[in-house]
$ cat input.json   # JSON, C-alpha atoms
[["chain", "number", "residue", "atom", "x", "y", "z"],
["A", 215, "MET", "CA", 0.00, 0.00, 0.00],
["A", 216, "PRO", "CA", 1.36, 3.47, -0.93],
["A", 217, "GLU", "CA", 2.60, 5.34, 2.13],
["A", 218, "ILE", "CA", 4.55, 8.34, 0.83],
["A", 219, "LEU", "CA", 3.11, 11.53, -0.64],
["A", 220, "LYS", "CA", 5.02, 13.56, -3.18],
["A", 221, "LEU", "CA", 3.87, 17.13, -2.66],
["A", 222, "LYS", "CA", 4.58, 20.19, -4.78],
["A", 223, "ILE", "CA", 4.60, 23.35, -2.66],
["A", 224, "THR", "CA", 4.30, 26.50, -4.75],
["A", 225, "LEU", "CA", 4.51, 30.07, -3.48],
["A", 226, "ILE", "CA", 1.52, 31.67, -5.20],
["A", 227, "ASP", "CA", 2.21, 34.76, -7.34],
["A", 228, "SER", "CA", 5.98, 34.35, -7.13],
["A", 229, "ASN", "CA", 7.69, 35.31, -10.36],
["A", 230, "PRO", "CA", 9.86, 33.54, -11.25],
["A", 231, "GLN", "CA", 7.93, 30.78, -9.55],
["A", 232, "ILE", "CA", 9.32, 29.49, -6.26],
["A", 233, "TRP", "CA", 8.46, 25.84, -5.62],
["A", 234, "ARG", "CA", 9.61, 22.74, -3.77],
["A", 235, "GLU", "CA", 8.82, 19.04, -4.06],
["A", 236, "VAL", "CA", 8.88, 16.96, -0.90],
["A", 237, "LEU", "CA", 8.29, 13.35, 0.05],
["A", 238, "ILE", "CA", 6.41, 12.87, 3.33],
["A", 239, "SER", "CA", 4.47, 10.05, 4.95],
["A", 240, "LEU", "CA", 0.69, 9.94, 4.73],
["A", 241, "ASP", "CA", 0.82, 9.32, 8.50],
["A", 242, "ASN", "CA", 2.53, 12.62, 9.24],
["A", 243, "ASN", "CA", 0.25, 15.33, 10.56],
["A", 244, "PHE", "CA", -0.27, 18.91, 9.43],
["A", 245, "GLU", "CA", 2.01, 20.22, 12.16],
["A", 246, "ASP", "CA", 4.82, 18.16, 10.61],
["A", 247, "LEU", "CA", 3.93, 19.54, 7.18],
["A", 248, "HIS", "CA", 4.05, 23.09, 8.57],
["A", 249, "TYR", "CA", 7.60, 22.48, 9.84],
["A", 250, "VAL", "CA", 8.62, 20.91, 6.52],
["A", 251, "ILE", "CA", 7.33, 23.98, 4.67],
["A", 252, "GLN", "CA", 9.21, 26.26, 7.06],
["A", 253, "ALA", "CA", 12.40, 24.28, 6.37],
["A", 254, "VAL", "CA", 12.08, 24.07, 2.58],
["A", 255, "MET", "CA", 11.25, 27.79, 2.38],
["A", 256, "GLU", "CA", 14.19, 28.48, 4.72],
["A", 257, "TRP", "CA", 11.97, 30.34, 7.20],
["A", 258, "ASN", "CA", 12.13, 30.25, 11.00],
["A", 259, "ASN", "CA", 8.53, 29.84, 12.19],
["A", 260, "TYR", "CA", 8.25, 33.41, 13.50],
["A", 261, "HIS", "CA", 4.65, 33.97, 12.41],
["A", 262, "MET", "CA", 1.17, 32.45, 12.58],
["A", 263, "HIS", "CA", -0.02, 30.12, 9.85],
["A", 264, "GLU", "CA", -2.99, 28.06, 8.74],
["A", 265, "PHE", "CA", -4.21, 25.52, 6.22],
["A", 266, "PRO", "CA", -7.63, 26.96, 5.21],
["A", 267, "LEU", "CA", -10.28, 24.34, 4.40],
["A", 268, "SER", "CA", -13.17, 26.74, 3.77],
["A", 269, "GLU", "CA", -14.35, 30.24, 4.69],
["A", 270, "ASP", "CA", -15.25, 29.06, 8.20],
["A", 271, "LYS", "CA", -12.81, 26.23, 8.92],
["A", 272, "PHE", "CA", -9.04, 25.80, 8.99],
["A", 273, "ILE", "CA", -6.29, 23.51, 10.23],
["A", 274, "GLY", "CA", -3.72, 25.22, 12.43],
["A", 275, "ASP", "CA", -2.19, 25.59, 15.81],
["A", 276, "GLU", "CA", -4.55, 26.98, 18.42],
["A", 277, "PRO", "CA", -4.74, 30.76, 18.03],
["A", 278, "PRO", "CA", -3.77, 32.72, 21.15],
["A", 279, "ASN", "CA", -7.08, 34.58, 20.94],
["A", 280, "PRO", "CA", -9.93, 32.49, 19.47],
["A", 281, "GLN", "CA", -11.72, 35.70, 18.42],
["A", 282, "SER", "CA", -8.73, 36.64, 16.29],
["A", 283, "ARG", "CA", -9.81, 34.10, 13.69],
["A", 284, "ARG", "CA", -13.34, 35.54, 13.37],
["A", 285, "ASP", "CA", -15.14, 32.64, 15.05],
["A", 286, "ARG", "CA", -13.88, 30.21, 12.45],
["A", 287, "SER", "CA", -13.63, 26.65, 13.63],
["A", 288, "PHE", "CA", -10.29, 24.96, 13.48],
["A", 289, "LEU", "CA", -8.79, 21.51, 13.63],
["A", 290, "LYS", "CA", -5.62, 21.26, 15.67],
["A", 291, "GLU", "CA", -2.83, 20.51, 13.19],
["A", 292, "SER", "CA", -1.09, 18.01, 15.46],
["A", 293, "ASP", "CA", -4.30, 15.94, 15.54],
["A", 294, "VAL", "CA", -4.97, 15.80, 11.79],
["A", 295, "LYS", "CA", -3.06, 13.31, 9.62],
["A", 296, "LEU", "CA", -2.21, 14.32, 6.07],
["A", 297, "LYS", "CA", -4.08, 11.31, 4.71],
["A", 298, "LYS", "CA", -7.40, 12.84, 5.84],
["A", 299, "TYR", "CA", -7.17, 15.61, 3.20],
["A", 300, "LEU", "CA", -4.24, 14.64, 0.97],
["A", 301, "ASN", "CA", -4.63, 11.01, -0.03],
["A", 302, "GLN", "CA", -4.73, 10.88, -3.82],
["A", 303, "LYS", "CA", -2.99, 12.46, -6.78],
["A", 304, "GLY", "CA", -4.47, 15.87, -7.55],
["A", 305, "ASP", "CA", -5.61, 16.64, -3.98],
["A", 306, "SER", "CA", -4.55, 20.09, -2.87],
["A", 307, "ILE", "CA", -4.71, 22.45, 0.06],
["A", 308, "LYS", "CA", -3.59, 26.02, 0.72],
["A", 309, "TYR", "CA", -1.07, 27.10, 3.35],
["A", 310, "ILE", "CA", -0.83, 30.69, 4.52],
["A", 311, "TYR", "CA", 2.15, 31.88, 6.54],
["A", 312, "ASP", "CA", 2.60, 35.31, 8.15],
["A", 313, "PHE", "CA", -0.75, 37.07, 8.00],
["A", 314, "GLY", "CA", 1.05, 40.41, 7.50],
["A", 315, "ASP", "CA", 3.20, 39.39, 4.52],
["A", 316, "ASN", "CA", 0.58, 36.81, 3.56],
["A", 317, "TRP", "CA", 2.73, 34.12, 1.96],
["A", 318, "ASP", "CA", 0.12, 31.98, 0.18],
["A", 319, "HIS", "CA", 1.12, 28.51, -0.95],
["A", 320, "GLU", "CA", -0.58, 25.83, -3.02],
["A", 321, "ILE", "CA", 0.22, 22.29, -1.91],
["A", 322, "GLU", "CA", -0.66, 19.59, -4.42],
["A", 323, "VAL", "CA", -0.28, 15.82, -4.31],
["A", 324, "ILE", "CA", 1.66, 14.96, -7.47],
["A", 325, "GLY", "CA", 2.31, 11.33, -6.60],
["A", 326, "ILE", "CA", 1.86, 8.58, -4.02],
["A", 327, "PHE", "CA", 4.55, 5.94, -3.62],
["A", 328, "GLU", "CA", 5.68, 2.97, -1.61],
["A", 329, "LYS", "CA", 8.13, 3.78, 1.15],
["A", 330, "GLU", "CA", 11.71, 3.05, 0.10],
["A", 331, "LYS", "CA", 13.80, 1.00, 2.48],
["A", 332, "ASN", "CA", 16.63, 2.93, 4.14],
["A", 333, "LYS", "CA", 15.33, 6.31, 2.92],
["A", 334, "GLU", "CA", 14.61, 9.06, 5.44],
["A", 335, "TYR", "CA", 11.36, 11.00, 5.25],
["A", 336, "PRO", "CA", 10.39, 13.79, 4.98],
["A", 337, "VAL", "CA", 12.85, 14.97, 2.37],
["A", 338, "CYS", "CA", 13.00, 17.70, -0.27],
["A", 339, "VAL", "CA", 13.65, 16.17, -3.70],
["A", 340, "ASP", "CA", 13.46, 19.17, -6.03],
["A", 341, "GLY", "CA", 12.76, 22.87, -6.24],
["A", 342, "GLU", "CA", 13.52, 26.08, -7.97],
["A", 343, "ASN", "CA", 14.58, 29.59, -7.01],
["A", 344, "ALA", "CA", 15.51, 31.16, -3.69],
["A", 345, "SER", "CA", 12.98, 31.58, -0.92],
["A", 346, "PRO", "CA", 12.13, 35.12, 0.12],
["A", 347, "PRO", "CA", 13.54, 36.32, 3.43],
["A", 348, "GLU", "CA", 10.99, 36.61, 6.22],
["A", 349, "ASP", "CA", 9.42, 40.04, 6.80],
["A", 350, "VAL", "CA", 10.33, 41.36, 3.36],
["A", 351, "GLY", "CA", 6.74, 42.44, 2.67],
["A", 352, "GLY", "CA", 5.14, 39.54, 0.83],
["A", 353, "VAL", "CA", 5.52, 38.82, -2.88],
["A", 354, "PHE", "CA", 5.41, 42.55, -3.73],
["A", 355, "GLY", "CA", 8.19, 43.33, -1.22],
["A", 356, "TYR", "CA", 10.25, 40.38, -2.40],
["A", 357, "ASN", "CA", 10.03, 41.48, -6.03],
["A", 358, "ARG", "CA", 11.10, 44.99, -4.97],
["A", 359, "MET", "CA", 14.06, 43.52, -3.04],
["A", 360, "VAL", "CA", 15.18, 41.39, -6.01],
["A", 361, "LYS", "CA", 14.98, 44.45, -8.26],
["A", 362, "ALA", "CA", 16.98, 46.52, -5.75],
["A", 363, "PHE", "CA", 19.77, 43.92, -5.71],
["A", 364, "SER", "CA", 19.87, 43.87, -9.51],
["A", 365, "GLU", "CA", 20.46, 47.64, -9.72],
["A", 366, "GLU", "CA", 23.16, 49.10, -7.46],
["A", 367, "ASP", "CA", 21.73, 52.57, -8.03],
["A", 368, "HIS", "CA", 18.26, 51.46, -6.90],
["A", 369, "PRO", "CA", 17.09, 53.71, -4.03],
["A", 370, "ASP", "CA", 16.58, 50.69, -1.72],
["A", 371, "TYR", "CA", 19.80, 48.83, -2.55],
["A", 372, "ASP", "CA", 21.78, 50.00, 0.50],
["A", 373, "GLU", "CA", 18.84, 49.40, 2.85],
["A", 374, "TYR", "CA", 18.35, 45.78, 1.70],
["A", 375, "LYS", "CA", 22.11, 45.16, 1.70],
["A", 376, "LYS", "CA", 22.36, 46.37, 5.31],
["A", 377, "TRP", "CA", 19.19, 44.54, 6.44],
["A", 378, "LEU", "CA", 20.26, 41.18, 5.01],
["A", 379, "GLY", "CA", 23.97, 41.67, 5.68],
["A", 380, "ILE", "CA", 24.91, 40.61, 2.15],
["A", 381, "GLU", "CA", 26.37, 42.30, -0.92],
["A", 382, "VAL", "CA", 24.60, 40.14, -3.52],
["A", 383, "TYR", "CA", 21.27, 38.33, -3.53],
["A", 384, "ASN", "CA", 20.88, 35.38, -5.88],
["A", 385, "ALA", "CA", 17.15, 34.91, -6.55],
["A", 386, "LYS", "CA", 17.90, 31.72, -8.53],
["A", 387, "LYS", "CA", 19.76, 29.97, -5.68],
["A", 388, "PHE", "CA", 18.35, 26.62, -4.59],
["A", 389, "ASP", "CA", 20.55, 24.57, -2.24],
["A", 390, "ILE", "CA", 18.84, 21.21, -1.71],
["A", 391, "ASP", "CA", 21.50, 19.94, 0.72],
["A", 392, "PHE", "CA", 21.09, 22.98, 2.98],
["A", 393, "ILE", "CA", 17.30, 22.69, 2.77],
["A", 394, "ASN", "CA", 17.34, 18.99, 3.72],
["A", 395, "LYS", "CA", 19.59, 19.79, 6.67],
["A", 396, "LYS", "CA", 16.93, 22.29, 7.82],
["A", 397, "VAL", "CA", 14.17, 19.68, 7.29],
["A", 398, "LYS", "CA", 16.01, 17.25, 9.61],
["A", 399, "GLU", "CA", 16.57, 19.98, 12.22],
["A", 400, "MET", "CA", 12.92, 21.10, 12.23],
["A", 401, "ILE", "CA", 11.40, 17.63, 12.28],
["A", 402, "ASN", "CA", 13.89, 16.08, 14.71],
["A", 403, "PRO", "CA", 14.98, 18.97, 16.97]]

$ encode --input "input.json" --output "structure tokens"
Amino acid sequence: MPEILKLKITLIDSNPQIWREVLISLDNNFEDLHYVIQAVMEWNNYHMHEFPLSEDKFIGDEPPNPQSRRDRSFLKESDVKLKKYLNQKGDSIKYIYDFGDNWDHEIEVIGIFEKEKNKEYPVCVDGENASPPEDVGGVFGYNRMVKAFSEEDHPDYDEYKKWLGIEVYNAKKFDIDFINKKVKEMINP
């Protein structure tokens, strides 16, 4: 029986498109998936998040103030296995991280496989383009940052350079080994 999901995680409205493919067990829960997304996007779990199911229901961690989610009902992410909502090719769900920057992701099942002996899961198997830094201002802010790094005379170049502590930003960079190291650290702290 197939046990491993192959998920494609795409940052919506990113251009060029930022995406990752991961292998993860059907028996993992949505909390695990949240940490995998944080790792593959090279983020640090600083902000709230959710997996919206409908206008009035979402999967997430318990909000600090239940009224902050407008009386929407939620399923605790540590209690919900992936196989409940992602169990066949073509199934998809959204993931929203940082309600200020509003990083919207589409997560789609692109395959279901047998577990390979001696292979560790979850694991990132493919992807493209660098992840945006946290707190850069969503997709609009990220695009502005990339443009600033491509033009040294851009009015925001020095500000981004100082903020990130780097001289050059490579928007095409995708380091799968570094990402998989982060996946292991987040899932097995």

$ atom_distance --input "input.json" --atom1 "atom CA of Thr224 of chain A" --atom2 "atom CA of Tyr383 of chain A"
20.7 Å

$ closest_residue --input "input.json" --among "A:Arg286, A:Lys329, A:His263, A:Lys295" --to "Trp317 of chain A" --atoms "only C-alpha atoms"
A:His263

$ closest_residue --input "input.json" --among "A:Ala385, A:Ile321, A:Ile310, A:Cys338" --to "Ala253 of chain A" --atoms "only C-alpha atoms"
A:Cys338

$ residues_around --input "input.json" --residues "Phe392 of chain A" --least-positions-apart "5" --cutoff "10 Å" --atoms "only C-alpha atoms" --output "list in words"
Ala253, Val254, Glu256 and Val397 of chain A

$ write_last_selection --input "input.json" --atoms "C-alpha atoms" --output "PDB file, in the coordinates of the input"
ATOM      1  CA  ALA A 253      12.400  24.280   6.370  1.00  0.00           C
ATOM      2  CA  VAL A 254      12.080  24.070   2.580  1.00  0.00           C
ATOM      3  CA  GLU A 256      14.190  28.480   4.720  1.00  0.00           C
ATOM      4  CA  VAL A 397      14.170  19.680   7.290  1.00  0.00           C
TER       5      VAL A 397
END

$ atom_distance --input "input.json" --atom1 "atom CA of Lys222 of chain A" --atom2 "atom CA of Glu320 of chain A"
7.8 Å

$ atom_distance --input "input.json" --atom1 "atom CA of Asn243 of chain A" --atom2 "atom CA of Asp389 of chain A"
25.7 Å

$ closest_residue --input "input.json" --among "A:Val339, A:Ala344, A:Met255, A:Leu247" --to "Ile273 of chain A" --atoms "all atoms listed in the file"
A:Leu247

$ residues_around --input "input.json" --residues "Lys271 of chain A" --least-positions-apart "2" --cutoff "7 Å" --atoms "all atoms listed in the file" --output "list in words"
Pro266, Leu267, Ser268, Glu269, Arg286, Ser287 and Phe288 of chain A

$ write_last_selection --input "input.json" --atoms "C-alpha atoms" --output "mmCIF file, in the coordinates of the input"
data_model
loop_
_atom_site.group_PDB
_atom_site.id
_atom_site.type_symbol
_atom_site.label_atom_id
_atom_site.label_comp_id
_atom_site.auth_asym_id
_atom_site.auth_seq_id
_atom_site.Cartn_x
_atom_site.Cartn_y
_atom_site.Cartn_z
ATOM 1 C CA PRO A 266 -7.630 26.960 5.210
ATOM 2 C CA LEU A 267 -10.280 24.340 4.400
ATOM 3 C CA SER A 268 -13.170 26.740 3.770
ATOM 4 C CA GLU A 269 -14.350 30.240 4.690
ATOM 5 C CA ARG A 286 -13.880 30.210 12.450
ATOM 6 C CA SER A 287 -13.630 26.650 13.630
ATOM 7 C CA PHE A 288 -10.290 24.960 13.480
#

$ closest_residue --input "input.json" --among "A:Ile380, A:Met262, A:Leu221, A:Met400" --to "Phe313 of chain A" --atoms "all atoms listed in the file"
A:Met262

$ residues_around --input "input.json" --residues "Asp293 of chain A" --least-positions-apart "4" --cutoff "10 Å" --atoms "only C-alpha atoms" --output "ChimeraX atom specification"
/A:242-245,273-275,289

$ residues_around --input "input.json" --residues "Asn402 of chain A" --least-positions-apart "5" --cutoff "12 Å" --atoms "all atoms listed in the file" --output "mmCIF file with C-alpha atoms, keeping the file's coordinate frame"
data_model
loop_
_atom_site.group_PDB
_atom_site.id
_atom_site.type_symbol
_atom_site.label_atom_id
_atom_site.label_comp_id
_atom_site.auth_asym_id
_atom_site.auth_seq_id
_atom_site.Cartn_x
_atom_site.Cartn_y
_atom_site.Cartn_z
ATOM 1 C CA ASP A 246 4.820 18.160 10.610
ATOM 2 C CA TYR A 249 7.600 22.480 9.840
ATOM 3 C CA VAL A 250 8.620 20.910 6.520
ATOM 4 C CA ALA A 253 12.400 24.280 6.370
ATOM 5 C CA GLU A 334 14.610 9.060 5.440
ATOM 6 C CA TYR A 335 11.360 11.000 5.250
ATOM 7 C CA PRO A 336 10.390 13.790 4.980
ATOM 8 C CA ASN A 394 17.340 18.990 3.720
ATOM 9 C CA LYS A 395 19.590 19.790 6.670
ATOM 10 C CA LYS A 396 16.930 22.290 7.820
ATOM 11 C CA VAL A 397 14.170 19.680 7.290
#

$ closest_atom_pairs --input "input.json" --of "segment 262-313 of chain A" --to "segment 232-239 of chain A" --cutoff "12 Å" --atoms "all atoms listed in the file" --output "JSON lines"
{"residue": "A:Lys295", "atom": "CA", "partner": "A:Ser239", "partner_atom": "CA", "distance": 9.4}
{"residue": "A:Leu296", "atom": "CA", "partner": "A:Ser239", "partner_atom": "CA", "distance": 8.0}
{"residue": "A:Lys297", "atom": "CA", "partner": "A:Ser239", "partner_atom": "CA", "distance": 8.6}
{"residue": "A:Leu300", "atom": "CA", "partner": "A:Ser239", "partner_atom": "CA", "distance": 10.6}
{"residue": "A:Asn301", "atom": "CA", "partner": "A:Ser239", "partner_atom": "CA", "distance": 10.4}

$ write_last_selection --input "input.json" --atoms "C-alpha atoms" --output "PDB file, keeping the file's coordinate frame"
ATOM      1  CA  LYS A 295      -3.060  13.310   9.620  1.00  0.00           C
ATOM      2  CA  LEU A 296      -2.210  14.320   6.070  1.00  0.00           C
ATOM      3  CA  LYS A 297      -4.080  11.310   4.710  1.00  0.00           C
ATOM      4  CA  LEU A 300      -4.240  14.640   0.970  1.00  0.00           C
ATOM      5  CA  ASN A 301      -4.630  11.010  -0.030  1.00  0.00           C
TER       6      ASN A 301
END

$ closest_residue --input "input.json" --among "A:His368, A:Asn343, A:Met359, A:Leu378" --to "Pro230 of chain A" --atoms "all atoms listed in the file"
A:Asn343

$ closest_residue --input "input.json" --among "A:Asn316, A:Ser292, A:Asn332, A:Asn384" --to "Gly352 of chain A" --atoms "all atoms listed in the file"
A:Asn316

$ decode --input "input.json" --residues "segment 224-260 of chain A" --atoms "N, CA and C atoms" --output "mmCIF file, in the first residue's frame"
data_model
loop_
_atom_site.group_PDB
_atom_site.id
_atom_site.type_symbol
_atom_site.label_atom_id
_atom_site.label_comp_id
_atom_site.auth_asym_id
_atom_site.auth_seq_id
_atom_site.Cartn_x
_atom_site.Cartn_y
_atom_site.Cartn_z
ATOM 1 N N THR A 224 4.044 25.362 -3.886
ATOM 2 C CA THR A 224 4.302 26.499 -4.754
ATOM 3 C C THR A 224 3.918 27.781 -4.046
ATOM 4 N N LEU A 225 4.820 28.754 -4.029
ATOM 5 C CA LEU A 225 4.514 30.070 -3.479
ATOM 6 C C LEU A 225 3.712 30.831 -4.534
ATOM 7 N N ILE A 226 2.444 31.050 -4.245
ATOM 8 C CA ILE A 226 1.525 31.665 -5.201
ATOM 9 C C ILE A 226 1.974 33.093 -5.531
ATOM 10 N N ASP A 227 1.875 33.445 -6.790
ATOM 11 C CA ASP A 227 2.208 34.764 -7.340
ATOM 12 C C ASP A 227 3.702 35.067 -7.349
ATOM 13 N N SER A 228 4.549 34.101 -7.024
ATOM 14 C CA SER A 228 5.983 34.352 -7.130
ATOM 15 C C SER A 228 6.374 34.320 -8.603
ATOM 16 N N ASN A 229 7.279 35.231 -8.976
ATOM 17 C CA ASN A 229 7.695 35.313 -10.364
ATOM 18 C C ASN A 229 9.153 35.761 -10.413
ATOM 19 N N PRO A 230 10.105 34.892 -10.774
ATOM 20 C CA PRO A 230 9.857 33.536 -11.246
ATOM 21 C C PRO A 230 9.295 32.668 -10.116
ATOM 22 N N GLN A 231 8.624 31.624 -10.509
ATOM 23 C CA GLN A 231 7.927 30.779 -9.555
ATOM 24 C C GLN A 231 8.898 30.081 -8.599
ATOM 25 N N ILE A 232 8.549 30.146 -7.305
ATOM 26 C CA ILE A 232 9.323 29.487 -6.259
ATOM 27 C C ILE A 232 8.529 28.257 -5.841
ATOM 28 N N TRP A 233 9.162 27.083 -5.960
ATOM 29 C CA TRP A 233 8.459 25.837 -5.625
ATOM 30 C C TRP A 233 9.431 24.821 -5.063
ATOM 31 N N ARG A 234 8.851 23.853 -4.329
ATOM 32 C CA ARG A 234 9.605 22.740 -3.769
ATOM 33 C C ARG A 234 8.785 21.471 -3.929
ATOM 34 N N GLU A 235 9.473 20.345 -4.098
ATOM 35 C CA GLU A 235 8.821 19.036 -4.063
ATOM 36 C C GLU A 235 9.375 18.281 -2.867
ATOM 37 N N VAL A 236 8.469 17.701 -2.088
ATOM 38 C CA VAL A 236 8.878 16.957 -0.897
ATOM 39 C C VAL A 236 8.200 15.597 -0.877
ATOM 40 N N LEU A 237 8.870 14.653 -0.235
ATOM 41 C CA LEU A 237 8.291 13.348 0.055
ATOM 42 C C LEU A 237 8.026 13.304 1.549
ATOM 43 N N ILE A 238 6.816 12.898 1.925
ATOM 44 C CA ILE A 238 6.409 12.872 3.326
ATOM 45 C C ILE A 238 5.385 11.761 3.512
ATOM 46 N N SER A 239 5.386 11.162 4.676
ATOM 47 C CA SER A 239 4.472 10.053 4.949
ATOM 48 C C SER A 239 3.026 10.524 5.064
ATOM 49 N N LEU A 240 2.126 9.697 4.556
ATOM 50 C CA LEU A 240 0.693 9.937 4.731
ATOM 51 C C LEU A 240 0.319 10.001 6.208
ATOM 52 N N ASP A 241 1.101 9.343 7.064
ATOM 53 C CA ASP A 241 0.819 9.317 8.497
ATOM 54 C C ASP A 241 1.359 10.520 9.251
ATOM 55 N N ASN A 242 2.121 11.376 8.584
ATOM 56 C CA ASN A 242 2.527 12.616 9.238
ATOM 57 C C ASN A 242 1.297 13.497 9.415
ATOM 58 N N ASN A 243 1.375 14.430 10.347
ATOM 59 C CA ASN A 243 0.245 15.330 10.565
ATOM 60 C C ASN A 243 0.547 16.704 9.954
ATOM 61 N N PHE A 244 -0.434 17.597 10.021
ATOM 62 C CA PHE A 244 -0.274 18.915 9.425
ATOM 63 C C PHE A 244 0.725 19.785 10.182
ATOM 64 N N GLU A 245 0.957 19.513 11.443
ATOM 65 C CA GLU A 245 2.011 20.221 12.163
ATOM 66 C C GLU A 245 3.370 19.866 11.553
ATOM 67 N N ASP A 246 3.577 18.580 11.267
ATOM 68 C CA ASP A 246 4.818 18.157 10.609
ATOM 69 C C ASP A 246 4.972 18.854 9.255
ATOM 70 N N LEU A 247 3.876 18.898 8.490
ATOM 71 C CA LEU A 247 3.935 19.542 7.178
ATOM 72 C C LEU A 247 4.279 21.024 7.325
ATOM 73 N N HIS A 248 3.710 21.679 8.321
ATOM 74 C CA HIS A 248 4.050 23.088 8.573
ATOM 75 C C HIS A 248 5.554 23.239 8.764
ATOM 76 N N TYR A 249 6.154 22.389 9.591
ATOM 77 C CA TYR A 249 7.596 22.484 9.842
ATOM 78 C C TYR A 249 8.409 22.153 8.589
ATOM 79 N N VAL A 250 7.932 21.227 7.786
ATOM 80 C CA VAL A 250 8.616 20.912 6.523
ATOM 81 C C VAL A 250 8.579 22.139 5.605
ATOM 82 N N ILE A 251 7.434 22.792 5.512
ATOM 83 C CA ILE A 251 7.328 23.985 4.667
ATOM 84 C C ILE A 251 8.268 25.074 5.176
ATOM 85 N N GLN A 252 8.300 25.267 6.490
ATOM 86 C CA GLN A 252 9.215 26.255 7.057
ATOM 87 C C GLN A 252 10.654 25.947 6.643
ATOM 88 N N ALA A 253 11.028 24.683 6.712
ATOM 89 C CA ALA A 253 12.396 24.277 6.371
ATOM 90 C C ALA A 253 12.690 24.465 4.883
ATOM 91 N N VAL A 254 11.794 23.998 4.012
ATOM 92 C CA VAL A 254 12.081 24.070 2.576
ATOM 93 C C VAL A 254 12.013 25.501 2.054
ATOM 94 N N MET A 255 11.282 26.374 2.760
ATOM 95 C CA MET A 255 11.248 27.788 2.385
ATOM 96 C C MET A 255 12.317 28.583 3.129
ATOM 97 N N GLU A 256 13.091 27.881 3.964
ATOM 98 C CA GLU A 256 14.191 28.482 4.718
ATOM 99 C C GLU A 256 13.717 29.588 5.652
ATOM 100 N N TRP A 257 12.519 29.395 6.234
ATOM 101 C CA TRP A 257 11.974 30.335 7.199
ATOM 102 C C TRP A 257 12.182 29.794 8.610
ATOM 103 N N ASN A 258 11.819 30.585 9.616
ATOM 104 C CA ASN A 258 12.134 30.246 11.002
ATOM 105 C C ASN A 258 10.930 30.165 11.934
ATOM 106 N N ASN A 259 9.728 30.039 11.391
ATOM 107 C CA ASN A 259 8.532 29.836 12.194
ATOM 108 C C ASN A 259 8.268 31.002 13.151
ATOM 109 N N TYR A 260 8.465 32.220 12.676
ATOM 110 C CA TYR A 260 8.246 33.409 13.496
ATOM 111 C C TYR A 260 6.788 33.858 13.541
#
